[in-house]
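Quick notes on the structure that follows.
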Amino acid sequence: MPTIYVDDQALEVAQGENILEACLNAGLDLPYFCWHPAMGSIGSCRQCAVVQYQNEEDTKGRIVMGCMTPVTEGARFSLNTDNASKFREAVVESLMLNHPHDCPVCGEGGECHLQDMTVMVGHRDRRYTGKKNTHRNQYLGPLIHHEMNRCITCYRCERYYRDYAGGNDLAAQASHDHVYFGRHEEGVLQSEFSGNLVEVCPTGVFTDKPFLKHYSRKWDLQSAPSICSGCAVGCNIAPAERYGKLKRVHNRYNHEVNGYFLCDRGRFGSGYINSDSRLDYAGIKKPDGSFMAVHQQQAIDTAVEWVKNKKVAGIGSPRGSIEANYLLRELVGAANFVPGFSDREAGILKAIVRILKTTTAINPSIKQMETADAILILGEDVTNTAPRVALGLRQAVRNKAFELAAQMGLPQWQDAAVRNLAQDQRSPMIIVSATDTRLDDVASQCISLSPDDIAAFGYGVAEALSGRKSQDEMVNQVAAVLAGANNPLVISGASMLHEGIVNSAVAVAEQLHSCDKPSMLSLCVAESNSLGLALLVDDPNSDANMSIANLTKQASDFDVVIVLENSLERRGLSEQIDSLYKANTKVISMDILENTTLANSDLVLPAASYAESQGTVVNSEGRAQRYFPVYQPSTERLPSWQWLLKLAVGCEHGGLANLEYFDQVVAACANSQAAFGRLVDVAPMRDYRNQGLKVPRQTHRYSGRTAMHAGVSVHEPQQPQDSQSPLTFSMEGLNRESPAALMPYVWSPGWNSNQSLQKFQAEVDGPLKGGTAGVHLISSDASGAVEPAVPITPTLKPHHWRLVPVHQVHGSDEMSVNTDEIAQLAGRAFIAVGAKLAEKLGVTEGDGLIVAPHNTELSLQVKILSRVAKNCVGFSAGYLETLDLQPGDLVTLSKDEAWVQPTSTVIATDRGPAHV
Amino acid sequence: MEKVLTRNIGADLKPTDLKAYEANGGYRGLRKALAGLSPKDCQDVISASNLRGRGGAGFPTGMKWSFVPMDDRCTPGHKYLVCNADEMEPGAFKDRLLMECDPHQLIEGMILSAYTIGADISYIFIRGEYVAAIQRLRDALAECYNAGYLGDNILGSTFSLNMYVHPSAGRYICGEETALINALEGKRANPRAKPPFPQVSGLWGRPTIVNNVETLCNISHIIDRGADWFNTLGVGEDSGTKMFGVSGRVNNPGCWELPMGTPIREIIEHHAGGMQQGLQLKGFLPGGGSTDFLTDKHLDLAMDYNVIGKAGSRMGTGTIIILDDQTCPVGMVLNLIRFFAHESCGFCTPCRDGLPWSRQVLEDIESGRGHAEDLDTLAYQVGYIGTIGNTHCALAPGAMEPLQSALKYFRDDFERHIYGGCCPYNTARRA
Amino acid sequence: MNDAQMIHTDLDSVLSAEELTAIDRELSHVPYKSGAAIDALKIVQAKRGWISDQSLQAIAKYLEMSAEELEGIATFYNLIYRRPVGKKVILFCDSVSCWICGCDGIKQKITDVLGINYGETTEDKEYSLIPVPCLGACDKAPVMMVGDDLVTHLDDAKIDELFTDKAKYSGGNT
Ligand SMILES: Cc1cc2nc3c(=O)[nH]c(=O)nc-3n(C[C@H](O)[C@H](O)[C@H](O)COP(=O)(O)O)c2cc1C
Ligand code: SF4
Ligand code: FES
């Protein structure tokens, strides 16, 4: 560890870091713009200037950029000398020449990095008297608002969007003081990760467009630590509320999981929480089929009356919390509980749980995946099924570049230099999939195969690794690439609903392991708590089928079925589900938004969304993470776990009736099952205090609390109390140095922007001082999980194509698509074909195709993909229109002559008349 | 004096073709090297010759080349030699002449340089406006390929080299060697951070040498006739001859090959014929638009890198721009700053936003709207923008050189503008 | 289909066979297609005078880069024109030596004669006037380029000769 001297103070610093990092690590406030902990240095803004001295005698020194200067033993620097601080002030002064004069009223104010730095360098009076440059703003789609005049040309947006996230439709244009960051023409930003621009831009050039519609200041937002419910990656988020509305979602740093970045589904896909189609009241079905709204207590009473002492079954929810699912299972008894998966999901999840418990491979976090030096992806379009993982993989393929850089003694943070050195050289990433994927652009090889063949390919690679060469040269090549790696990573998952693919991935990973590689195996699953739920019903001693079909078959054996947050139609078994509704069984269901299951229920209970409730979910890495309510649900809504607990209490349920607090439910669940033993460690319990204080959800500058509701009533309402968690619904409390799982927002004196995060990190880009949130529930006994390949003889029928699901980050997910902006981006359901097949069928993009045979003939819009496996055809997975299409089915295709091509798929309703 | 670089250049300025070039000893240096000198031998000769880069900074060429990893130090792959023929520095007009009139001299120098550093691909990065030079270089390249001077196994040796002319799409910053490399890669020409230096990671991430046209034109002569001969050519500290030029209102503006160390007075008064009638010399930029003003006090200095450096300026390109006593120094500096502000690549803050600020202050002063504080502001900007290391590359410090020295030598002119409320000169509308 | 894809329809037919051959020649010595971006822009501009949106999109597609990336390059360089120009572009040197030698007056003369300012094109689409940094012919100042020809030692008479009395003018005099 070298020692450097900053303003004569000796600092022990880490080998290989730069002066800016070293200063920030030492808690010194050194301003910067273009540097970003995840993206390294380029030295363009010149803000992080310090003076470097040759030696102790040198009193003059010279200015160097902190972010571009590596630490070396004994090196001497000054931050505070006049030279350095005057220069830094000059930099801000020049950035301000063209910057708009609206600082006090600018929307970014209060969380603007530029504003913070301006104050930090002490720049106050302008000397420039010339005209300011102005720019035109562009329409960039429904998610991102563009305000170019605020730009300070730090290049962070372009570097994030292009270099880090792989987007190619945002670039620096023009030059000198006219540099412009935008698109070639107006239009929707194409990256699935565009939303991070909002947090990456140090001013307000790229801002959260939906947020602008109901804008509040950062300091007026109430936030809570939460977990994204968009998919099973489990990114940590900080949703924020005011006036009872969810205003926006920001990233919440988790060193192992999402780091600094979210995907757009996660950031923008929660708008449905404010939707008008949410249930306000509980309802009891009237004979005419409509619902009668009833109050909470009445609903509970009715439910109790129906359930008490009756034969009751429960259908759980992969998007519900562990706690809610646990309560439902206890309430109805384990034998009468099914987790709410479809047949195939159930089979695959069961397999995945088995694999994770026994595999010899490492089940990596995203951070670990970023260390991979060779990647094999079997059957997943990761960007669309586990988006944040894909962003990690884009970093992993850069390991080749870092390796080359290391050979030259070039530190990783020398971002531009490392990129120039490596150019397009990347670590190998081989993608074997049925259709093109959004990582193809950085893959070393893309192989298009049908699902069965993907599995066969995987097994072939495993065989080749064990020394038995395949007939297929491609298989041997891939095996050789993996064998040559030090940190190979195999990725697969449930998205194709094909167990063979998952098993073949295990075979590869474990074969690599037996070749003495610390191989990693990551399996993507669909929903935020799929894995938690699978764990809940995991019983190695029973062979019971976990699927809904199991239950619906015997629906009439039960008096009541309780459905927890599950729209059963999406499980793809319409006939069986119908039989449940038709049976003489009462259905009680609770959910967040209206859906067909609710419509077919006899009693519906309005459930709180994730932002209004507390719970634990288990991500695909097996990491259990807790979310806390950001605000209290409106009066008649309740978190599902509370509905269920009230019901249990009403029914005088033996085990549950004496529970009152969430923590008690957690403890009960932890006690009930070894797998959940650590559930109590996921986050501090309700009695946690930080120096005697709870953790505040509101900032210490939260304004207007006493007047917020004055428009409704001049009586000041009592501040809601949170008896369930260690957080308060107020600004009272302490938000520093608390455990990672309890970090609702970041703020630090002088650092109002999200860059204050570095004050919460133990070291720059390292874990939080409060640790890393989440607890691993699954540890493997490493006994080995390989299953022998099941020989498959694919049925080929002439003029038939095999259906394969195509997932869309915007569209395939049940909840987020109920957000207006996401719905716009999701577009229509589609049938996806390769260019050759399209030609054969006489269709082009936007035409219609009839998909048959099928119970009802289905017409779908054609989408043309760049690659589709032979004899396969893709369909938009998770879209309501295609819910009945089953992966693997054989269908015929014919042109729908009556199809009317929609004029525009992008409904740019928010496009104002002028963008000047 | 013996003509070296211009020995094939006649008064008619017609290009020398291959035959004529060979007839006058052309490609003798190349034959000599390929027949009996190893790359290391060539490297040693160039180092011993004390040749300094003619692109402006005067960096010793042999030393620059020595950083290129050779053989076992180098991972397998291409190495590149790039000729910097961007010549966009205001007031510089020497490379144009060398390329238009004797393209083979440059090409032979490049082949030898490539041989020395082990490059197998070379580019002539030339500014797009040099239409004639581009054509003549292309013609000459074709002749070379025909004659076996380029391509595979040059002159039967194991050495192979391809050479391409790459006309630029126009930006002064492309002359900065790392920006030039980005431009060659088809990118925006922002300069790169150094280290790593292009010698180890340049074009496409591979070892690359960038040298100025005139530097490269010297190579074949040095290889052919030896370092000692070259060391005798200069009359001052530095070795070799140099293309010197004079522009501005002198009687005989032009460009001449003269020994290194030729006194400035001789260049201006003898070769350029002195000031036009009725004009006095007020000052001059010794080596192009990014060098500091010198004045008549400095006329007896020798044009040597260190001598000019000690006088507070730089030899730069060696092309002198004359400021006469009837041309407004503020206007002249404004003209230069306007150029630099426009040619800033826009990458780093002091240059991108600082130069337009200087431009605005100078515009105010020049048009009589200046204030007394403006001189402080300008001085402040000189320190802020003009200090090496404050900016990402040397464009901005270069841009500040004329301003900083004008504030020193012509302060009264600035003051006359400010206190008189108008420009005391009548430079505009004059032809 | 989204906006970005919509603009890409039929781009394959925009570039001529001749242009494609010339671009291919450049591609032969660059390791990545995007490496020929500037050459390709210049090739297409040589034929068409300027780079239209459609040309830009077609080149981007051919080089497998996005229109944004190519736009970033096209707008960086002085000699790539993203707006239509006249048949001949007058690159008028306004740098220091020419300025000392009175180029401001010559510029005014051109404006008087042709009726165009910097950035403008004559009504008959013959000439566009664009300032250019030092043309490297300072000893012959003031100078300018008209199309590919360098015109030196400019004075009012020469401007008249060039633009009003074309018969008298016989090409560049480098
Ligand atoms: C802004 C800027 C512009 C430059 N323009 C040129 C140029 O046009 N021609 C040139 O040879 N060198 C130019 N240089 C210098 C080059 O960066 C580089 O030092 C030179 O090409 C090296 O060649 P040499 O060692 O043969 O002198 C420029 C430097 C800067 C900072
Ligand atoms: S000094 Fe000017 S030209 Fe050089 S990198 Fe900075 S902005 Fe670009
Ligand atoms: S943060 Fe160091 S130069 Fe921008």
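A note on labels: chains of the structure tokens are A, B, ... as shown, every chain counts residues from 1, and ligands are counted from 1 in their shown order.
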Inset, instruction - For chain A, work out the contacting residues on chain B at 7 Å, counting only C-alpha atoms, and write them as JSON, numbers by chain. - result: {"B": [193, 196, 201, 204, 205, 341, 342, 343, 344, 345, 346, 347, 348, 349, 350, 352, 353, 354, 357, 360, 384, 389, 390, 392]}
Inset, instruction - Skip Gln45 of chain C itself and residues of its chain fewer than 5 positions away, then list as a PyMOL selection string all residues within 8 Å of it, counting only C-alpha atoms. - result: chain C and resi 50-51+80-81
Take the residues that were just selected and, keeping N, CA, C and O atoms, output them as a short mmCIF file (atom, residue, chain, number, x, y, z; two decimals), in the first residue's frame.
```cif
data_model
loop_
_atom_site.label_atom_id
_atom_site.label_comp_id
_atom_site.auth_asym_id
_atom_site.auth_seq_id
_atom_site.Cartn_x
_atom_site.Cartn_y
_atom_site.Cartn_z
N TRP C 50 -22.57 17.08 -51.15
CA TRP C 50 -22.84 17.15 -49.71
C TRP C 50 -23.38 15.82 -49.24
O TRP C 50 -23.62 14.92 -50.05
N ILE C 51 -23.56 15.70 -47.93
CA ILE C 51 -24.06 14.46 -47.34
C ILE C 51 -25.48 14.70 -46.83
O ILE C 51 -25.70 15.40 -45.85
N ILE C 80 -16.84 18.08 -44.32
CA ILE C 80 -18.02 17.27 -44.62
C ILE C 80 -19.22 18.22 -44.52
O ILE C 80 -19.41 18.85 -43.48
N TYR C 81 -19.96 18.32 -45.59
CA TYR C 81 -21.07 19.26 -45.60
C TYR C 81 -22.37 18.52 -45.37
O TYR C 81 -22.74 17.64 -46.14
#
```
Inset, instruction - Skip Leu482 of chain A itself and residues of its chain fewer than 3 positions away, then list as an MDAnalysis selection string all residues within 10 Å of it, counting only C-alpha atoms. - result: chainID A and resid 373:376 428:430 461 465 476:479 485:490 508:509 512 517 519
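Residues in contact with Leu803 of chain A at up to 6 Å, not including ones fewer than 2 positions away on its chain and judged by only C-alpha atoms, are Val873, Gly874, Pro887, Gly888 and Asp889 of chain A.
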Report as a short mmCIF file (atom, residue, chain, number, x, y, z; two decimals) with N, CA and C atoms, in the first residue's frame all protein, DNA and RNA residues lying within 7 Å of Ala58 of chain C, evaluated on only C-alpha atoms, omitting residues in the same chain fewer than 6 positions from it.
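Output below, filename part.cif:
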```
data_model
loop_
_atom_site.label_atom_id
_atom_site.label_comp_id
_atom_site.auth_asym_id
_atom_site.auth_seq_id
_atom_site.Cartn_x
_atom_site.Cartn_y
_atom_site.Cartn_z
N LEU C 11 -32.54 1.80 -47.91
CA LEU C 11 -31.26 2.49 -47.93
C LEU C 11 -30.24 1.78 -48.81
N ASP C 12 -30.50 0.51 -49.06
CA ASP C 12 -29.52 -0.26 -49.82
C ASP C 12 -29.31 0.27 -51.23
N VAL C 14 -29.35 3.44 -52.14
CA VAL C 14 -28.96 4.85 -52.20
C VAL C 14 -27.58 5.04 -52.83
N LEU C 15 -26.64 4.21 -52.45
CA LEU C 15 -25.27 4.41 -52.93
C LEU C 15 -25.07 3.75 -54.29
#
```
Inset, instruction - Check every residue of chain C for an atom within 9 Å of chain B, counting only C-alpha atoms, and provide those that qualify as a PyMOL selection string. - result: chain C and resi 30-32+34-39+41-42+69-70+72-74+76-80+91+94-106+108+133-142+145+148-150+154-156+174
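Computed from the coordinates, the atom CA of Val682 of chain A to atom CA of Ala232 of chain A distance equals 16.9 Å.
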Inset, instruction - Give me, as a ChimeraX atom specification, the contact residues of chain A against chain C at a cut-off of 12 Å, counting only C-alpha atoms. - result: /A:139-141,158,162,166-191,423-425,441,824-830,832,844-847,861-865,901-908
Legend entry - Distance query Gln758 of chain A at most 12 Å, only C-alpha atoms, self and fewer than 5 positions along chain excluded, as a ChimeraX atom specification: /A:20-30,36-38,253,255,260,746-748,751-753,763-769
For the residues in the current selection, export N, CA and C atoms as a PDB file, in the first residue's frame.
```pdb
ATOM      1  N   LEU A  20      -7.844  10.937  -7.637  1.00  0.00           N
ATOM      2  CA  LEU A  20      -9.235  11.301  -7.340  1.00  0.00           C
ATOM      3  C   LEU A  20      -9.861  10.248  -6.431  1.00  0.00           C
ATOM      4  N   GLU A  21      -9.692   8.993  -6.806  1.00  0.00           N
ATOM      5  CA  GLU A  21     -10.246   7.916  -5.977  1.00  0.00           C
ATOM      6  C   GLU A  21      -9.646   7.961  -4.572  1.00  0.00           C
ATOM      7  N   ALA A  22      -8.329   8.166  -4.538  1.00  0.00           N
ATOM      8  CA  ALA A  22      -7.655   8.175  -3.244  1.00  0.00           C
ATOM      9  C   ALA A  22      -8.211   9.296  -2.367  1.00  0.00           C
ATOM     10  N   CYS A  23      -8.441  10.463  -2.969  1.00  0.00           N
ATOM     11  CA  CYS A  23      -8.964  11.588  -2.189  1.00  0.00           C
ATOM     12  C   CYS A  23     -10.376  11.294  -1.707  1.00  0.00           C
ATOM     13  N   LEU A  24     -11.203  10.783  -2.596  1.00  0.00           N
ATOM     14  CA  LEU A  24     -12.579  10.495  -2.197  1.00  0.00           C
ATOM     15  C   LEU A  24     -12.580   9.435  -1.098  1.00  0.00           C
ATOM     16  N   ASN A  25     -11.726   8.448  -1.245  1.00  0.00           N
ATOM     17  CA  ASN A  25     -11.638   7.412  -0.216  1.00  0.00           C
ATOM     18  C   ASN A  25     -11.234   7.982   1.129  1.00  0.00           C
ATOM     19  N   ALA A  26     -10.409   9.029   1.080  1.00  0.00           N
ATOM     20  CA  ALA A  26      -9.964   9.635   2.330  1.00  0.00           C
ATOM     21  C   ALA A  26     -11.003  10.609   2.866  1.00  0.00           C
ATOM     22  N   GLY A  27     -12.144  10.691   2.191  1.00  0.00           N
ATOM     23  CA  GLY A  27     -13.204  11.577   2.663  1.00  0.00           C
ATOM     24  C   GLY A  27     -12.998  13.022   2.254  1.00  0.00           C
ATOM     25  N   LEU A  28     -12.025  13.262   1.364  1.00  0.00           N
ATOM     26  CA  LEU A  28     -11.779  14.642   0.924  1.00  0.00           C
ATOM     27  C   LEU A  28     -12.748  14.981  -0.203  1.00  0.00           C
ATOM     28  N   ASP A  29     -13.173  16.226  -0.253  1.00  0.00           N
ATOM     29  CA  ASP A  29     -14.100  16.648  -1.298  1.00  0.00           C
ATOM     30  C   ASP A  29     -13.332  17.198  -2.487  1.00  0.00           C
ATOM     31  N   LEU A  30     -13.073  16.350  -3.434  1.00  0.00           N
ATOM     32  CA  LEU A  30     -12.430  16.801  -4.672  1.00  0.00           C
ATOM     33  C   LEU A  30     -13.485  16.771  -5.779  1.00  0.00           C
ATOM     34  N   HIS A  36     -16.471   8.612 -13.511  1.00  0.00           N
ATOM     35  CA  HIS A  36     -17.570   7.895 -12.871  1.00  0.00           C
ATOM     36  C   HIS A  36     -16.984   6.586 -12.351  1.00  0.00           C
ATOM     37  N   PRO A  37     -17.337   6.197 -11.135  1.00  0.00           N
ATOM     38  CA  PRO A  37     -16.704   5.012 -10.559  1.00  0.00           C
ATOM     39  C   PRO A  37     -16.856   3.769 -11.439  1.00  0.00           C
ATOM     40  N   ALA A  38     -17.947   3.682 -12.160  1.00  0.00           N
ATOM     41  CA  ALA A  38     -18.130   2.476 -12.981  1.00  0.00           C
ATOM     42  C   ALA A  38     -17.489   2.628 -14.347  1.00  0.00           C
ATOM     43  N   TYR A 253     -27.824   1.537  -4.584  1.00  0.00           N
ATOM     44  CA  TYR A 253     -26.576   0.808  -4.824  1.00  0.00           C
ATOM     45  C   TYR A 253     -26.541  -0.508  -4.057  1.00  0.00           C
ATOM     46  N   HIS A 255     -23.619  -3.423  -4.120  1.00  0.00           N
ATOM     47  CA  HIS A 255     -22.321  -3.731  -4.711  1.00  0.00           C
ATOM     48  C   HIS A 255     -22.354  -5.016  -5.523  1.00  0.00           C
ATOM     49  N   TYR A 260     -24.627   0.567  -9.869  1.00  0.00           N
ATOM     50  CA  TYR A 260     -25.178   1.907 -10.063  1.00  0.00           C
ATOM     51  C   TYR A 260     -26.370   1.940 -11.027  1.00  0.00           C
ATOM     52  N   VAL A 746     -29.634   8.549  -0.668  1.00  0.00           N
ATOM     53  CA  VAL A 746     -28.305   8.997  -0.295  1.00  0.00           C
ATOM     54  C   VAL A 746     -28.261  10.516  -0.286  1.00  0.00           C
ATOM     55  N   TRP A 747     -27.691  11.038   0.717  1.00  0.00           N
ATOM     56  CA  TRP A 747     -27.450  12.472   0.840  1.00  0.00           C
ATOM     57  C   TRP A 747     -26.331  12.674   1.840  1.00  0.00           C
ATOM     58  N   SER A 748     -25.503  13.643   1.564  1.00  0.00           N
ATOM     59  CA  SER A 748     -24.410  13.921   2.467  1.00  0.00           C
ATOM     60  C   SER A 748     -24.103  15.403   2.352  1.00  0.00           C
ATOM     61  N   TRP A 751     -23.160  17.237  -0.846  1.00  0.00           N
ATOM     62  CA  TRP A 751     -23.381  16.304  -1.949  1.00  0.00           C
ATOM     63  C   TRP A 751     -24.872  15.989  -2.035  1.00  0.00           C
ATOM     64  N   ASN A 752     -25.584  16.835  -2.746  1.00  0.00           N
ATOM     65  CA  ASN A 752     -27.028  16.639  -2.860  1.00  0.00           C
ATOM     66  C   ASN A 752     -27.397  15.669  -3.969  1.00  0.00           C
ATOM     67  N   SER A 753     -26.515  15.481  -4.909  1.00  0.00           N
ATOM     68  CA  SER A 753     -26.819  14.583  -6.026  1.00  0.00           C
ATOM     69  C   SER A 753     -26.567  13.146  -5.611  1.00  0.00           C
ATOM     70  N   GLU A 763     -15.240   2.179   0.195  1.00  0.00           N
ATOM     71  CA  GLU A 763     -14.215   2.774  -0.665  1.00  0.00           C
ATOM     72  C   GLU A 763     -14.882   2.984  -2.014  1.00  0.00           C
ATOM     73  N   VAL A 764     -14.280   3.822  -2.840  1.00  0.00           N
ATOM     74  CA  VAL A 764     -14.879   4.127  -4.128  1.00  0.00           C
ATOM     75  C   VAL A 764     -15.201   2.834  -4.869  1.00  0.00           C
ATOM     76  N   ASP A 765     -16.432   2.713  -5.306  1.00  0.00           N
ATOM     77  CA  ASP A 765     -16.874   1.562  -6.086  1.00  0.00           C
ATOM     78  C   ASP A 765     -16.910   0.267  -5.265  1.00  0.00           C
ATOM     79  N   GLY A 766     -16.723   0.369  -3.964  1.00  0.00           N
ATOM     80  CA  GLY A 766     -16.739  -0.839  -3.136  1.00  0.00           C
ATOM     81  C   GLY A 766     -18.092  -1.034  -2.486  1.00  0.00           C
ATOM     82  N   PRO A 767     -18.182  -1.991  -1.581  1.00  0.00           N
ATOM     83  CA  PRO A 767     -19.444  -2.217  -0.875  1.00  0.00           C
ATOM     84  C   PRO A 767     -19.802  -1.013  -0.016  1.00  0.00           C
ATOM     85  N   LEU A 768     -21.044  -0.945   0.399  1.00  0.00           N
ATOM     86  CA  LEU A 768     -21.466   0.141   1.279  1.00  0.00           C
ATOM     87  C   LEU A 768     -20.836  -0.053   2.655  1.00  0.00           C
ATOM     88  N   LYS A 769     -20.707   1.067   3.365  1.00  0.00           N
ATOM     89  CA  LYS A 769     -20.193   0.965   4.729  1.00  0.00           C
ATOM     90  C   LYS A 769     -21.091   0.064   5.554  1.00  0.00           C
TER      91      LYS A 769
END
```
Inset, instruction - Please identify the residues whose atoms come within 8 Å of ligand 1, using only C-alpha atoms and all ligand atoms, and report them as JSON, numbers by chain. - result: {"B": [52, 53, 54, 55, 56, 57, 58, 59, 60, 61, 64, 83, 84, 85, 86, 87, 88, 89, 172, 173, 174, 175, 176, 177, 178, 210, 211, 212, 213, 214, 215, 216, 393, 394, 395, 396, 398]}
Inset, instruction - Determine, counting only C-alpha atoms, which protein, DNA and RNA residues have an atom within 12 Å of an atom of Met110 of chain B; residues of the same chain fewer than 2 positions away are not included. Present the result as a ChimeraX atom specification. - result: /B:27,29-30,80-84,103-108,112-124,141,149-150,161-164,209-221
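The smallest atom-to-atom distance between ligand 2 and any of B:Gly386, B:Ala379, B:Ser405, B:Tyr425, using only C-alpha atoms and all ligand atoms, is found for B:Gly386.
For the pair atom CA of Arg206 of chain B and atom CA of Gly62 of chain B, the interatomic distance is 19.2 Å.
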Could you give me, as an mmCIF file with N, CA and C atoms, in the first residue's frame, each residue of segment 75-118 of chain A that DSSP assigns to alpha helix (DSSP H) when run on this structure's backbone?
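Contents of the output file part-v8.cif:
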```cif
data_model
loop_
_atom_site.group_PDB
_atom_site.id
_atom_site.type_symbol
_atom_site.label_atom_id
_atom_site.label_comp_id
_atom_site.auth_asym_id
_atom_site.auth_seq_id
_atom_site.Cartn_x
_atom_site.Cartn_y
_atom_site.Cartn_z
ATOM 1 N N ASP A 82 -3.758 27.483 -3.564
ATOM 2 C CA ASP A 82 -4.471 28.448 -4.388
ATOM 3 C C ASP A 82 -4.569 28.047 -5.847
ATOM 4 N N ASN A 83 -3.419 27.620 -6.374
ATOM 5 C CA ASN A 83 -3.360 27.180 -7.770
ATOM 6 C C ASN A 83 -4.459 26.225 -8.123
ATOM 7 N N ALA A 84 -4.556 25.179 -7.302
ATOM 8 C CA ALA A 84 -5.492 24.107 -7.588
ATOM 9 C C ALA A 84 -6.910 24.597 -7.429
ATOM 10 N N SER A 85 -7.185 25.281 -6.333
ATOM 11 C CA SER A 85 -8.590 25.639 -6.120
ATOM 12 C C SER A 85 -9.023 26.729 -7.088
ATOM 13 N N LYS A 86 -8.109 27.633 -7.443
ATOM 14 C CA LYS A 86 -8.468 28.662 -8.431
ATOM 15 C C LYS A 86 -8.757 28.022 -9.786
ATOM 16 N N PHE A 87 -7.939 27.052 -10.130
ATOM 17 C CA PHE A 87 -8.152 26.384 -11.412
ATOM 18 C C PHE A 87 -9.508 25.677 -11.430
ATOM 19 N N ARG A 88 -9.824 24.996 -10.351
ATOM 20 C CA ARG A 88 -11.108 24.293 -10.313
ATOM 21 C C ARG A 88 -12.277 25.273 -10.395
ATOM 22 N N GLU A 89 -12.084 26.430 -9.781
ATOM 23 C CA GLU A 89 -13.144 27.428 -9.885
ATOM 24 C C GLU A 89 -13.264 27.923 -11.323
ATOM 25 N N ALA A 90 -12.091 28.084 -11.967
ATOM 26 C CA ALA A 90 -12.108 28.543 -13.357
ATOM 27 C C ALA A 90 -12.846 27.552 -14.247
ATOM 28 N N VAL A 91 -12.673 26.274 -13.974
ATOM 29 C CA VAL A 91 -13.346 25.262 -14.789
ATOM 30 C C VAL A 91 -14.861 25.410 -14.650
ATOM 31 N N VAL A 92 -15.328 25.564 -13.424
ATOM 32 C CA VAL A 92 -16.771 25.733 -13.256
ATOM 33 C C VAL A 92 -17.223 27.035 -13.911
ATOM 34 N N GLU A 93 -16.417 28.063 -13.748
ATOM 35 C CA GLU A 93 -16.797 29.332 -14.371
ATOM 36 C C GLU A 93 -16.969 29.164 -15.874
ATOM 37 N N SER A 94 -16.069 28.423 -16.496
ATOM 38 C CA SER A 94 -16.224 28.280 -17.951
ATOM 39 C C SER A 94 -17.378 27.348 -18.310
ATOM 40 N N LEU A 95 -17.644 26.351 -17.468
ATOM 41 C CA LEU A 95 -18.810 25.509 -17.745
ATOM 42 C C LEU A 95 -20.096 26.319 -17.646
ATOM 43 N N HIS A 113 -25.423 17.584 -9.641
ATOM 44 C CA HIS A 113 -23.995 17.463 -9.347
ATOM 45 C C HIS A 113 -23.269 18.766 -9.722
ATOM 46 N N LEU A 114 -23.706 19.386 -10.801
ATOM 47 C CA LEU A 114 -23.088 20.648 -11.208
ATOM 48 C C LEU A 114 -23.309 21.714 -10.139
ATOM 49 N N GLN A 115 -24.526 21.736 -9.609
ATOM 50 C CA GLN A 115 -24.836 22.705 -8.561
ATOM 51 C C GLN A 115 -23.939 22.454 -7.337
ATOM 52 N N ASP A 116 -23.812 21.201 -6.976
ATOM 53 C CA ASP A 116 -22.956 20.856 -5.830
ATOM 54 C C ASP A 116 -21.520 21.307 -6.065
ATOM 55 N N MET A 117 -21.017 21.018 -7.261
ATOM 56 C CA MET A 117 -19.618 21.338 -7.544
ATOM 57 C C MET A 117 -19.415 22.845 -7.599
ATOM 58 N N THR A 118 -20.419 23.548 -8.112
ATOM 59 C CA THR A 118 -20.315 24.998 -8.196
ATOM 60 C C THR A 118 -20.185 25.591 -6.809
#
```
Legend entry - Members of segment 510-650 of chain A assigned strand (DSSP E or B) by DSSP, as a ChimeraX atom specification: /A:520-524,547,560-564,586-591,593,603-607,615-618,623-627,638
Inset, instruction - For atom CA of Tyr661 of chain A and atom CA of Arg686 of chain A, determine how far apart the two atoms are, in Å to one decimal place. - result: 8.8 Å
